[in-house]
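One structure below.
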Amino acid sequence: MIFTETELAGAFIIDVDRMSDERGFFARSWCEDEFAAHGITAAPVQANVSSNPRKGTLRGMHLQLEPFGETKLVRCTRGAIYDVIVDMREESPTYGQWLGVELTAESFRMLFVPARFAHGFITLKDDTDVCYQVSAKYAPGYERGLRWNDPAIGIKWPIEPTVISEKDRRHPDFRQLVPQA
């Protein structure tokens, strides 16, 4: 795997290192040793899939508070998404900053999301599926959200959302969200 650390410390764009032949290619998408070599030691304990029939579906921005903070390894398995993370670590020099990356089924590119980051995405094509491995089980009482279009964060989404859940519409602004319990 090819790890590229982003400007948000601890977040990585991960490309598969393809071994190709006449059959196609083979590549690893998870290796405990390779992740540990980049300081990532939280192993997945749950895998999730999100199926999105319509282009413009926005999901986010979600996070879980400690002690149930979760890392995520996100990959688009059909279609395409613009995946966004926001650093919610108050002690971080990049606190409140965001990063967006396009993930497509064709690229096999992944995004590693550290714990205490808000995460969300918008679908860029109809019939888009997203798979992600998480390092903690879902804990409803520790779930929080950040408003997807909060001007204090200023995420530049590539398209206007057409489908957003009522729950995601009601998330608070950055200044109202308390990231730690």
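Identifiers in this document derive from the order of the structure tokens: chains are assigned A, B, ..., residues are numbered from 1 separately in each chain, and ligands are numbered from 1 in order of occurrence.
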Neighbour list for segment 113-125 of chain A as JSON, numbers by chain, cut-off 8 Å, only C-alpha atoms, skip fewer than 3 positions in-chain: {"A": [10, 11, 12, 52, 54, 55, 56, 57, 58, 59, 60, 61, 62, 63, 64, 65, 66, 69, 70, 71, 72, 73, 74, 79, 80, 81, 82, 83, 84, 85, 86, 87, 88, 89, 128, 145, 146, 148, 157, 159, 161, 179]}
For the structure I just gave you, how does DSSP split chain A - specifically, which residues are alpha helix (DSSP H)? Reply as a PDB file with all heavy atoms, in the first residue's frame.
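For reference, part-v1.pdb as written:
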```pdb
ATOM      1  N   GLU A  32      -1.957  -5.200   8.907  1.00  0.00           N
ATOM      2  CA  GLU A  32      -1.677  -4.703  10.252  1.00  0.00           C
ATOM      3  C   GLU A  32      -0.273  -4.108  10.359  1.00  0.00           C
ATOM      4  O   GLU A  32      -0.084  -3.028  10.931  1.00  0.00           O
ATOM      5  CB  GLU A  32      -1.859  -5.839  11.259  1.00  0.00           C
ATOM      6  CG  GLU A  32      -1.641  -5.437  12.689  1.00  0.00           C
ATOM      7  CD  GLU A  32      -1.842  -6.606  13.643  1.00  0.00           C
ATOM      8  OE1 GLU A  32      -1.592  -7.765  13.246  1.00  0.00           O
ATOM      9  OE2 GLU A  32      -2.265  -6.343  14.773  1.00  0.00           O
ATOM     10  N   ASP A  33       0.719  -4.775   9.804  1.00  0.00           N
ATOM     11  CA  ASP A  33       2.100  -4.299   9.901  1.00  0.00           C
ATOM     12  C   ASP A  33       2.316  -2.993   9.137  1.00  0.00           C
ATOM     13  O   ASP A  33       2.994  -2.086   9.625  1.00  0.00           O
ATOM     14  CB  ASP A  33       3.080  -5.361   9.394  1.00  0.00           C
ATOM     15  CG  ASP A  33       3.111  -6.593  10.286  1.00  0.00           C
ATOM     16  OD1 ASP A  33       2.658  -6.512  11.452  1.00  0.00           O
ATOM     17  OD2 ASP A  33       3.578  -7.651   9.808  1.00  0.00           O
ATOM     18  N   GLU A  34       1.760  -2.890   7.932  1.00  0.00           N
ATOM     19  CA  GLU A  34       1.940  -1.662   7.149  1.00  0.00           C
ATOM     20  C   GLU A  34       1.235  -0.475   7.799  1.00  0.00           C
ATOM     21  O   GLU A  34       1.764   0.634   7.800  1.00  0.00           O
ATOM     22  CB  GLU A  34       1.440  -1.860   5.715  1.00  0.00           C
ATOM     23  CG  GLU A  34       2.355  -2.765   4.901  1.00  0.00           C
ATOM     24  CD  GLU A  34       1.931  -2.866   3.458  1.00  0.00           C
ATOM     25  OE1 GLU A  34       1.758  -1.810   2.812  1.00  0.00           O
ATOM     26  OE2 GLU A  34       1.775  -4.005   2.968  1.00  0.00           O
ATOM     27  N   PHE A  35       0.063  -0.703   8.354  1.00  0.00           N
ATOM     28  CA  PHE A  35      -0.629   0.378   9.053  1.00  0.00           C
ATOM     29  C   PHE A  35       0.145   0.776  10.303  1.00  0.00           C
ATOM     30  O   PHE A  35       0.325   1.961  10.582  1.00  0.00           O
ATOM     31  CB  PHE A  35      -2.070  -0.028   9.392  1.00  0.00           C
ATOM     32  CG  PHE A  35      -3.029   0.229   8.266  1.00  0.00           C
ATOM     33  CD1 PHE A  35      -3.038  -0.568   7.131  1.00  0.00           C
ATOM     34  CD2 PHE A  35      -3.926   1.279   8.336  1.00  0.00           C
ATOM     35  CE1 PHE A  35      -3.906  -0.325   6.092  1.00  0.00           C
ATOM     36  CE2 PHE A  35      -4.809   1.532   7.296  1.00  0.00           C
ATOM     37  CZ  PHE A  35      -4.806   0.733   6.173  1.00  0.00           C
ATOM     38  N   ALA A  36       0.640  -0.198  11.065  1.00  0.00           N
ATOM     39  CA  ALA A  36       1.403   0.094  12.283  1.00  0.00           C
ATOM     40  C   ALA A  36       2.663   0.893  11.956  1.00  0.00           C
ATOM     41  O   ALA A  36       3.068   1.765  12.732  1.00  0.00           O
ATOM     42  CB  ALA A  36       1.760  -1.199  13.003  1.00  0.00           C
ATOM     43  N   GLU A 166     -32.966  14.281   7.631  1.00  0.00           N
ATOM     44  CA  GLU A 166     -33.368  15.341   8.556  1.00  0.00           C
ATOM     45  C   GLU A 166     -32.394  15.411   9.732  1.00  0.00           C
ATOM     46  O   GLU A 166     -32.040  16.492  10.201  1.00  0.00           O
ATOM     47  CB  GLU A 166     -34.795  15.106   9.052  1.00  0.00           C
ATOM     48  CG  GLU A 166     -35.360  16.258   9.846  1.00  0.00           C
ATOM     49  CD  GLU A 166     -35.350  17.582   9.078  1.00  0.00           C
ATOM     50  OE1 GLU A 166     -35.597  17.593   7.863  1.00  0.00           O
ATOM     51  OE2 GLU A 166     -35.080  18.627   9.707  1.00  0.00           O
ATOM     52  N   LYS A 167     -31.934  14.267  10.194  1.00  0.00           N
ATOM     53  CA  LYS A 167     -30.964  14.218  11.296  1.00  0.00           C
ATOM     54  C   LYS A 167     -29.684  14.972  10.927  1.00  0.00           C
ATOM     55  O   LYS A 167     -29.163  15.762  11.719  1.00  0.00           O
ATOM     56  CB  LYS A 167     -30.655  12.758  11.632  1.00  0.00           C
ATOM     57  CG  LYS A 167     -29.717  12.567  12.791  1.00  0.00           C
ATOM     58  CD  LYS A 167     -29.511  11.086  13.054  1.00  0.00           C
ATOM     59  CE  LYS A 167     -28.561  10.834  14.190  1.00  0.00           C
ATOM     60  NZ  LYS A 167     -28.365   9.406  14.436  1.00  0.00           N
ATOM     61  N   ASP A 168     -29.168  14.735   9.713  1.00  0.00           N
ATOM     62  CA  ASP A 168     -27.944  15.418   9.293  1.00  0.00           C
ATOM     63  C   ASP A 168     -28.170  16.919   9.075  1.00  0.00           C
ATOM     64  O   ASP A 168     -27.266  17.715   9.279  1.00  0.00           O
ATOM     65  CB  ASP A 168     -27.369  14.780   8.028  1.00  0.00           C
ATOM     66  CG  ASP A 168     -26.668  13.456   8.308  1.00  0.00           C
ATOM     67  OD1 ASP A 168     -26.499  13.108   9.495  1.00  0.00           O
ATOM     68  OD2 ASP A 168     -26.292  12.770   7.343  1.00  0.00           O
ATOM     69  N   ARG A 169     -29.367  17.306   8.671  1.00  0.00           N
ATOM     70  CA  ARG A 169     -29.677  18.739   8.512  1.00  0.00           C
ATOM     71  C   ARG A 169     -29.646  19.482   9.852  1.00  0.00           C
ATOM     72  O   ARG A 169     -29.364  20.664   9.895  1.00  0.00           O
ATOM     73  CB  ARG A 169     -31.068  18.927   7.910  1.00  0.00           C
ATOM     74  CG  ARG A 169     -31.179  18.593   6.468  1.00  0.00           C
ATOM     75  CD  ARG A 169     -32.609  18.875   5.996  1.00  0.00           C
ATOM     76  NE  ARG A 169     -32.841  18.311   4.694  1.00  0.00           N
ATOM     77  CZ  ARG A 169     -32.501  18.895   3.557  1.00  0.00           C
ATOM     78  NH1 ARG A 169     -31.911  20.060   3.581  1.00  0.00           N
ATOM     79  NH2 ARG A 169     -32.742  18.301   2.403  1.00  0.00           N
TER      80      ARG A 169
END
```
Find the residues near Ile153 of chain A: any atom within 10 Å, counting only C-alpha atoms, skip ones fewer than 5 places away on the same chain, and give them as a VMD selection string. chain A and resid 86 96 to 98 146 to 148 173 to 175
To one decimal place, how far is atom CA of Gln176 of chain A from atom CA of Glu91 of chain A in Å?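 Straight-line distance from atom CA of Gln176 of chain A to atom CA of Glu91 of chain A works out to 17.2 Å.
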Pick out the closest residue to Asp17 of chain A from this set: A:Val163, A:Val134, A:Ile40, A:Ile2. Count only C-alpha atoms.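 For Asp17 of chain A, the nearest of the given residues is A:Ile2.
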Restricting to only C-alpha atoms, whichever of A:Glu106, A:Asp127, A:Asp15, A:Glu160 is closest to Ala27 of chain A is A:Asp15
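Of the listed residues (A:Phe68, A:Phe25, A:Arg109, A:Pro44), A:Phe68 comes nearest to Gly141 of chain A; the distances count only C-alpha atoms.
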Quick check, in Å to one decimal: how far apart do atom CA of Leu103 of chain A and atom CA of Ala42 of chain A lie?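 For atom CA of Leu103 of chain A relative to atom CA of Ala42 of chain A, the distance reads 22.1 Å.
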For atom CA of Gly39 of chain A and atom CA of Glu90 of chain A, determine how far apart the two atoms are, in Å to one decimal place.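 Pair atom CA of Gly39 of chain A / atom CA of Glu90 of chain A returns 20.1 Å.
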Could you please write out, as number ranges by chain, every residue of segment 63-121 of chain A that DSSP assigns to strand (DSSP E or B)? A: 63-64, 72-78, 80-87, 98-104, 110-113, 117-121
Compare A:Tyr95, A:Lys156, A:Ile14, A:Trp30 by their minimum atom-to-atom distance to Leu111 of chain A, counting only C-alpha atoms, and give me the closest one. A:Ile14
